Amino acid sequence: MAAEEFQNVIDELVDCEIEPAGASAETMLVVTANSYEEYEEEINNQKDDKRINKRLSKQIQEDVKDDSRIGHSTNSVLLDNVPSSLDYSDMDEISNQLGNSSLETDPLQCKIWLARKKHVFVLSQAGKPIYSRYSSEDKLVTVMGVMQALVSFVQASNDMIRSVHAGDTCFVFVLKGPLILVSVSKTLESVSQLVLQLTYVYNQILSVLTQTQLTRVYDQRRNFDLRRLLTGSERLIDHLLNFMDREPAFFLGAVKCLPLLPAMRDSITQTIIQICGKIKNLVFAILLANNQLVTLVRMKKCYIHPADLHLIQNLVSSSESFKTAESWTPICLPKFDANGFMHGHVSYLSEDCQACLLLLTVDRDVFFTLSEAKKKIMEKLRRTNCLEAINESMNKASITTTEIGLPEIRHILYKCRTTAQFWSPGFQPPYTTDEEIERLLGSYQCLHHRLHTTSRPLKLIFQQLDKETMLAWVTSGFELYATFGPLVTKPDAINAVSKMLKWIKKEEERLFILNPPTF
């Protein structure tokens with residue numbers, strides 16, 4: 001195909017109006033921005049906080065004189081439910097095999113610690129260590145002191161530090177109220193994507209404390225050791241960071257639904273509405289399975305942000321004890337209300353159906369009411385064969401593009417922008433190892449950055465690499481990221497994407513929640 005002819009094809013593809021699959025006149029999720037608009041919001045927030053941060057920095061010299069350490073407390077807010085073991089990368093397994101003996105001395109002298117691709121640190125404005133992704137933060141007091149000094153030095157010039165680039169390493173800083181969050185990354189993630197990840201870490205802290213409590217403790221004592229209130233929650237943050245490394249939902253700003261026949265999903269939804277509809281002050285009823293959304297019923301005029309739903313997914317997937325007993329858990333949803341707790345009745349439907357039901361309310365005294373409602377929901381779902389349908393979908397391997405009849409497409413991400421929901425097929429060769437999957441997701445993140453960069457946003461990218469060819473396409477209704485073999489031609493890639501869009505549109509009622517229900 002001649003260059004001029006191909007350009008005409010590209011222009012036609014970009015300009016054509018394609019009805020997005022998964023679109024709906026209403027949505028149960030707050031449809032917000034991609035990570036770059038989130039990044040701009042964070043930058044603006046940091047500018048607004050500059051006055052507060054400058055006032056805090058003046059008190060640091062007095063505060064650091066009081067360097068007493070507050071002992072650990074067993075008064076954990078959420079974390080009795082968090083398991084001691086998590087899924088770690090190969091580097092974590094190596095570290096465990098070594099017994100972390102090196103980390104117990106000086107992390108800066110440990111090759112394993114230094115070889116980590118991405119570190120995350122949280123400290124207070126006074127330089128007090130709060131969290132480190134790897135190793136004990138007590139061993140990194142000096143490092144965090146340097147980070148705090150950098151922030152204070154730049155603030156003294158009435159400016160704000162955002163990022164520092166040194167070779168293949170990127171240092172990203174986010175200042176949120178009394179906290180400083182830092183990411184040290186050797187990955188291909190952009191500054192905006194790292195800012196978004198640090199914001200998730202901050203929101204995870206708020207989910208345990210609330211903004212009001214966090215602000216109050218530092219108003220009362222600038223040198224407060226926040227670990228006293230976060231004892232145990234480190235595992236939640238650990239799990240969240242691992243979750244973000246392997247889950248595209250975070251940089252897409254969307255949630256994935258469990259594939260179900262429309263009639264079966266409607267039956268599940270109506271069961272929840274019938275039983276919970278008259279319970280006063282019940283805000284959200286959320287059913288999750290394999291980190292996918294089965295259904296979400298909300299109080300009228302109440303919406304949940306995808307970022308809050310991601311925190312809920314992280315809580316469920318990192319808490320093994322939810323599988324054995326009903327739990328009554330306070331949780332703050334920062335995007336919904338950063339200053340107050342909601343109370344969640346959390347339980348799995350049954351031993352033979354590992355789907356987790358969360359009933360979130362603002363009433364702290366309705367545990368037994370919600371417990372009884374959950375039992376009725378489970379019984380009716382069993383009678384109507386809904387539990388069997390959920391199990392079947394959970395246990396069934398995700399369909400691959402080869403099974404769809406499009407073997408030329410190795411993998412794809414599709415997001416409906418109007419409803420903040422996305423779909424992706426199962427991984428297939430050559431993406432069968434953790435290393436290859438991580439590399440693929442990293443490539444998607446690079447494409448996402450190039451599409452949405454604020455300085456020069458793009459609509460279409462066709463990129464040929466050594467191991468694959470990638471196409472990224474964004475319209476007002478959807479965004480799409482597709483991977484092909486390295487020798488695919490441009491016309492064949494566009495033709496395959498067109499067929500895939502038709503298949504997704506045909507299956508949209510099974511792949512997405514199109515009619516957001518309310519109580």
# chains A, B, ... in the order shown; residues from 1 in each chain; ligands from 1

$ residues_around --residues "Asp352 in chain A" --least-positions-apart "6" --cutoff "12 Å" --atoms "only C-alpha atoms" --output "tab-separated table (two decimals) with N, CA and C atoms, in the first residue's frame"
chain	number	residue	atom	x	y	z
A	323	LYS	N	-12.29	-15.00	54.24
A	323	LYS	CA	-12.82	-16.25	53.69
A	323	LYS	C	-13.39	-17.16	54.77
A	378	MET	N	-27.37	-15.07	49.81
A	378	MET	CA	-26.69	-16.31	49.45
A	378	MET	C	-27.69	-17.43	49.18
A	382	ARG	N	-28.29	-19.25	45.51
A	382	ARG	CA	-28.12	-20.69	45.35
A	382	ARG	C	-29.35	-21.31	44.69
A	387	LEU	N	-25.00	-18.90	42.03
A	387	LEU	CA	-23.70	-19.27	42.58
A	387	LEU	C	-22.95	-20.17	41.60
A	388	GLU	N	-23.68	-21.07	40.99
A	388	GLU	CA	-23.06	-21.97	40.01
A	388	GLU	C	-22.53	-21.19	38.81
A	389	ALA	N	-23.29	-20.18	38.37
A	389	ALA	CA	-22.86	-19.37	37.23
A	389	ALA	C	-21.61	-18.56	37.57
A	390	ILE	N	-21.56	-18.01	38.80
A	390	ILE	CA	-20.38	-17.25	39.22
A	390	ILE	C	-19.16	-18.17	39.28
A	391	ASN	N	-19.33	-19.34	39.86
A	391	ASN	CA	-18.22	-20.29	39.94
A	391	ASN	C	-17.72	-20.70	38.57
A	392	GLU	N	-18.65	-20.93	37.67
A	392	GLU	CA	-18.27	-21.35	36.32
A	392	GLU	C	-17.43	-20.28	35.64
A	394	MET	N	-15.68	-17.88	37.18
A	394	MET	CA	-14.43	-17.71	37.91
A	394	MET	C	-13.41	-18.79	37.54
A	395	ASN	N	-13.89	-20.02	37.37
A	395	ASN	CA	-13.00	-21.15	37.14
A	395	ASN	C	-12.62	-21.33	35.67

$ select_by_dssp --residues "range 159-335 of chain A" --states "helix (DSSP H, G or I)" --output "compact mmCIF listing (two decimals) with C-alpha atoms, in the first residue's frame"
# COMPACT_ATOMS: atom_id res chain seq x y z
CA VAL A 191 6.56 10.61 36.06
CA SER A 192 2.79 10.98 35.82
CA GLN A 193 2.23 7.25 36.26
CA LEU A 194 4.56 7.16 39.26
CA VAL A 195 2.73 10.15 40.76
CA LEU A 196 -0.53 8.26 40.34
CA GLN A 197 0.93 5.21 42.11
CA LEU A 198 2.15 7.35 45.01
CA THR A 199 -1.31 8.89 45.21
CA TYR A 200 -2.75 5.39 45.55
CA VAL A 201 -0.33 4.73 48.42
CA TYR A 202 -1.45 7.95 50.09
CA ASN A 203 -5.10 7.01 49.60
CA GLN A 204 -4.36 3.57 51.09
CA ILE A 205 -3.08 5.32 54.21
CA LEU A 206 -6.20 7.49 54.29
CA SER A 207 -8.37 4.37 54.00
CA VAL A 208 -7.02 3.35 57.41
CA LEU A 209 -6.88 6.76 59.12
CA GLN A 211 -7.75 12.77 56.24
CA THR A 212 -9.15 14.32 59.41
CA GLN A 213 -7.23 12.02 61.73
CA LEU A 214 -4.03 12.30 59.71
CA THR A 215 -4.17 16.09 59.83
CA ARG A 216 -5.09 16.17 63.51
CA VAL A 217 -2.21 13.99 64.74
CA TYR A 218 0.34 16.19 62.97
CA ASP A 219 -1.33 19.40 64.10
CA GLN A 220 -0.91 18.19 67.67
CA ARG A 227 3.62 3.93 62.34
CA ARG A 228 1.87 3.74 65.70
CA LEU A 229 -1.46 4.14 63.91
CA LEU A 230 -0.47 2.15 60.83
CA GLU A 234 2.26 -2.02 55.74
CA ARG A 235 1.07 -5.31 54.28
CA LEU A 236 -1.86 -3.55 52.65
CA ILE A 237 0.54 -1.09 51.02
CA ASP A 238 2.91 -3.91 50.01
CA HIS A 239 0.06 -5.78 48.37
CA LEU A 240 -1.21 -2.63 46.66
CA LEU A 241 2.19 -1.93 45.09
CA ASN A 242 2.49 -5.51 43.84
CA PHE A 243 -1.11 -5.30 42.60
CA MET A 244 -0.36 -2.14 40.60
CA ASP A 245 2.70 -3.76 39.00
CA ARG A 246 0.60 -6.51 37.41
CA ALA A 249 -6.78 -1.30 35.83
CA PHE A 250 -4.76 1.28 37.76
CA PHE A 251 -3.19 3.19 34.89
CA LEU A 252 -6.38 2.80 32.83
CA PRO A 262 -26.88 -10.66 31.05
CA ALA A 263 -29.84 -12.56 32.50
CA MET A 264 -27.68 -14.08 35.22
CA ARG A 265 -26.07 -10.76 36.17
CA ASP A 266 -29.51 -9.14 36.29
CA SER A 267 -30.76 -11.94 38.56
CA ILE A 268 -27.86 -11.40 40.97
CA THR A 269 -28.42 -7.67 40.97
CA GLN A 270 -32.16 -7.89 41.54
CA THR A 271 -31.62 -10.31 44.44
CA ILE A 272 -29.39 -7.77 46.18
CA ILE A 273 -31.84 -4.94 45.51
CA GLN A 274 -34.85 -6.88 46.81
CA ILE A 275 -33.15 -7.90 50.04
CA CYS A 276 -31.09 -4.78 50.76
CA PRO A 306 -12.61 3.53 40.33
CA ALA A 307 -9.70 4.40 42.63
CA ASP A 308 -11.85 3.65 45.69
CA LEU A 309 -12.99 0.39 44.16
CA HIS A 310 -9.35 -0.55 43.55
CA LEU A 311 -8.64 -0.01 47.26
CA ILE A 312 -11.58 -2.25 48.12
CA GLN A 313 -10.28 -4.92 45.75
CA ASN A 314 -6.86 -4.65 47.38
CA LEU A 315 -8.36 -5.04 50.86
CA VAL A 316 -10.28 -8.15 49.84
CA SER A 317 -7.49 -9.84 47.91
CA GLU A 320 -7.40 -14.21 53.83
CA SER A 321 -9.45 -14.16 57.03
CA PHE A 322 -12.45 -12.75 55.15
CA LYS A 323 -12.82 -16.25 53.69
CA PRO A 334 -10.85 8.86 49.96
CA LYS A 335 -12.53 9.81 46.69

$ atom_distance --atom1 "CA of Phe173 in chain A" --atom2 "CA of Ala338 in chain A"
21.5 Å

$ select_by_dssp --residues "range 254-462 of chain A" --states "strand (DSSP E)" --output "number ranges by chain"
A: 255-256, 282-289, 292-298, 327-331, 342-350, 353-361, 409-416, 421-423, 460-462

$ write_last_selection --atoms "C-alpha atoms" --output "PDB file, in the first residue's frame"
ATOM      1  CA  VAL A 255     -12.484  -1.747  36.540  1.00  0.00           C
ATOM      2  CA  LYS A 256     -12.911  -5.140  34.925  1.00  0.00           C
ATOM      3  CA  LEU A 282     -26.807   1.267  52.962  1.00  0.00           C
ATOM      4  CA  VAL A 283     -24.696   3.116  50.381  1.00  0.00           C
ATOM      5  CA  PHE A 284     -23.024   0.401  48.278  1.00  0.00           C
ATOM      6  CA  ALA A 285     -23.405  -3.333  47.764  1.00  0.00           C
ATOM      7  CA  ILE A 286     -20.412  -4.709  45.881  1.00  0.00           C
ATOM      8  CA  LEU A 287     -19.874  -8.282  44.730  1.00  0.00           C
ATOM      9  CA  LEU A 288     -16.316  -9.167  43.671  1.00  0.00           C
ATOM     10  CA  ALA A 289     -14.851 -12.363  42.220  1.00  0.00           C
ATOM     11  CA  GLN A 292     -13.437  -8.543  38.979  1.00  0.00           C
ATOM     12  CA  LEU A 293     -16.743  -6.814  39.505  1.00  0.00           C
ATOM     13  CA  VAL A 294     -19.813  -9.050  39.419  1.00  0.00           C
ATOM     14  CA  THR A 295     -22.257  -6.280  40.264  1.00  0.00           C
ATOM     15  CA  LEU A 296     -22.440  -2.992  42.135  1.00  0.00           C
ATOM     16  CA  VAL A 297     -25.673  -1.560  43.535  1.00  0.00           C
ATOM     17  CA  ARG A 298     -25.568   1.985  44.839  1.00  0.00           C
ATOM     18  CA  SER A 327     -16.013  -9.136  59.241  1.00  0.00           C
ATOM     19  CA  TRP A 328     -17.126  -5.679  60.315  1.00  0.00           C
ATOM     20  CA  THR A 329     -14.492  -3.353  58.907  1.00  0.00           C
ATOM     21  CA  PRO A 330     -14.184   0.435  59.038  1.00  0.00           C
ATOM     22  CA  ILE A 331     -12.851   1.811  55.768  1.00  0.00           C
ATOM     23  CA  MET A 342     -17.801   3.834  56.186  1.00  0.00           C
ATOM     24  CA  HIS A 343     -18.554   0.524  57.861  1.00  0.00           C
ATOM     25  CA  GLY A 344     -18.314  -2.581  55.744  1.00  0.00           C
ATOM     26  CA  HIS A 345     -19.857  -5.982  56.275  1.00  0.00           C
ATOM     27  CA  VAL A 346     -17.419  -8.200  54.374  1.00  0.00           C
ATOM     28  CA  SER A 347     -17.933 -11.901  53.745  1.00  0.00           C
ATOM     29  CA  TYR A 348     -17.605 -14.548  51.068  1.00  0.00           C
ATOM     30  CA  LEU A 349     -20.866 -15.957  49.772  1.00  0.00           C
ATOM     31  CA  SER A 350     -20.152 -19.554  50.753  1.00  0.00           C
ATOM     32  CA  CYS A 353     -18.426 -19.913  45.940  1.00  0.00           C
ATOM     33  CA  GLN A 354     -15.449 -17.656  46.559  1.00  0.00           C
ATOM     34  CA  ALA A 355     -17.106 -14.387  45.582  1.00  0.00           C
ATOM     35  CA  CYS A 356     -16.879 -11.635  48.195  1.00  0.00           C
ATOM     36  CA  LEU A 357     -19.856  -9.456  49.120  1.00  0.00           C
ATOM     37  CA  LEU A 358     -19.282  -6.035  50.675  1.00  0.00           C
ATOM     38  CA  LEU A 359     -22.177  -4.079  52.140  1.00  0.00           C
ATOM     39  CA  LEU A 360     -21.011  -0.534  52.919  1.00  0.00           C
ATOM     40  CA  THR A 361     -23.020   1.713  55.205  1.00  0.00           C
ATOM     41  CA  ILE A 409      -3.712 -10.221  17.718  1.00  0.00           C
ATOM     42  CA  ARG A 410      -1.597 -11.501  20.571  1.00  0.00           C
ATOM     43  CA  HIS A 411      -3.276  -9.437  23.279  1.00  0.00           C
ATOM     44  CA  ILE A 412      -5.477  -6.389  23.703  1.00  0.00           C
ATOM     45  CA  LEU A 413      -6.734  -3.899  26.297  1.00  0.00           C
ATOM     46  CA  TYR A 414     -10.064  -2.208  25.629  1.00  0.00           C
ATOM     47  CA  LYS A 415     -11.488   0.526  27.866  1.00  0.00           C
ATOM     48  CA  CYS A 416     -14.898   2.141  27.555  1.00  0.00           C
ATOM     49  CA  GLN A 421     -14.850  -0.317  32.546  1.00  0.00           C
ATOM     50  CA  PHE A 422     -12.290  -2.343  30.601  1.00  0.00           C
ATOM     51  CA  TRP A 423     -11.834  -5.808  29.130  1.00  0.00           C
ATOM     52  CA  LEU A 460      -3.234   6.817  17.094  1.00  0.00           C
ATOM     53  CA  ILE A 461       0.152   5.109  17.489  1.00  0.00           C
ATOM     54  CA  PHE A 462       1.531   2.287  15.335  1.00  0.00           C
TER      55      PHE A 462
END

$ closest_residue --among "A:Gln445, A:Ser183, A:Gln109, A:Ser163" --to "Arg133 in chain A" --atoms "only C-alpha atoms"
A:Ser183

$ residues_around --residues "range 140-150 of chain A" --least-positions-apart "6" --cutoff "7 Å" --atoms "only C-alpha atoms" --output "ChimeraX atom specification"
/A:123,125,127,129

$ atom_distance --atom1 "CA of Arg222 in chain A" --atom2 "CA of Leu179 in chain A"
10.7 Å

$ closest_residue --among "A:Ser443, A:Glu408, A:Trp503, A:Glu436" --to "Phe484 in chain A" --atoms "only C-alpha atoms"
A:Glu408
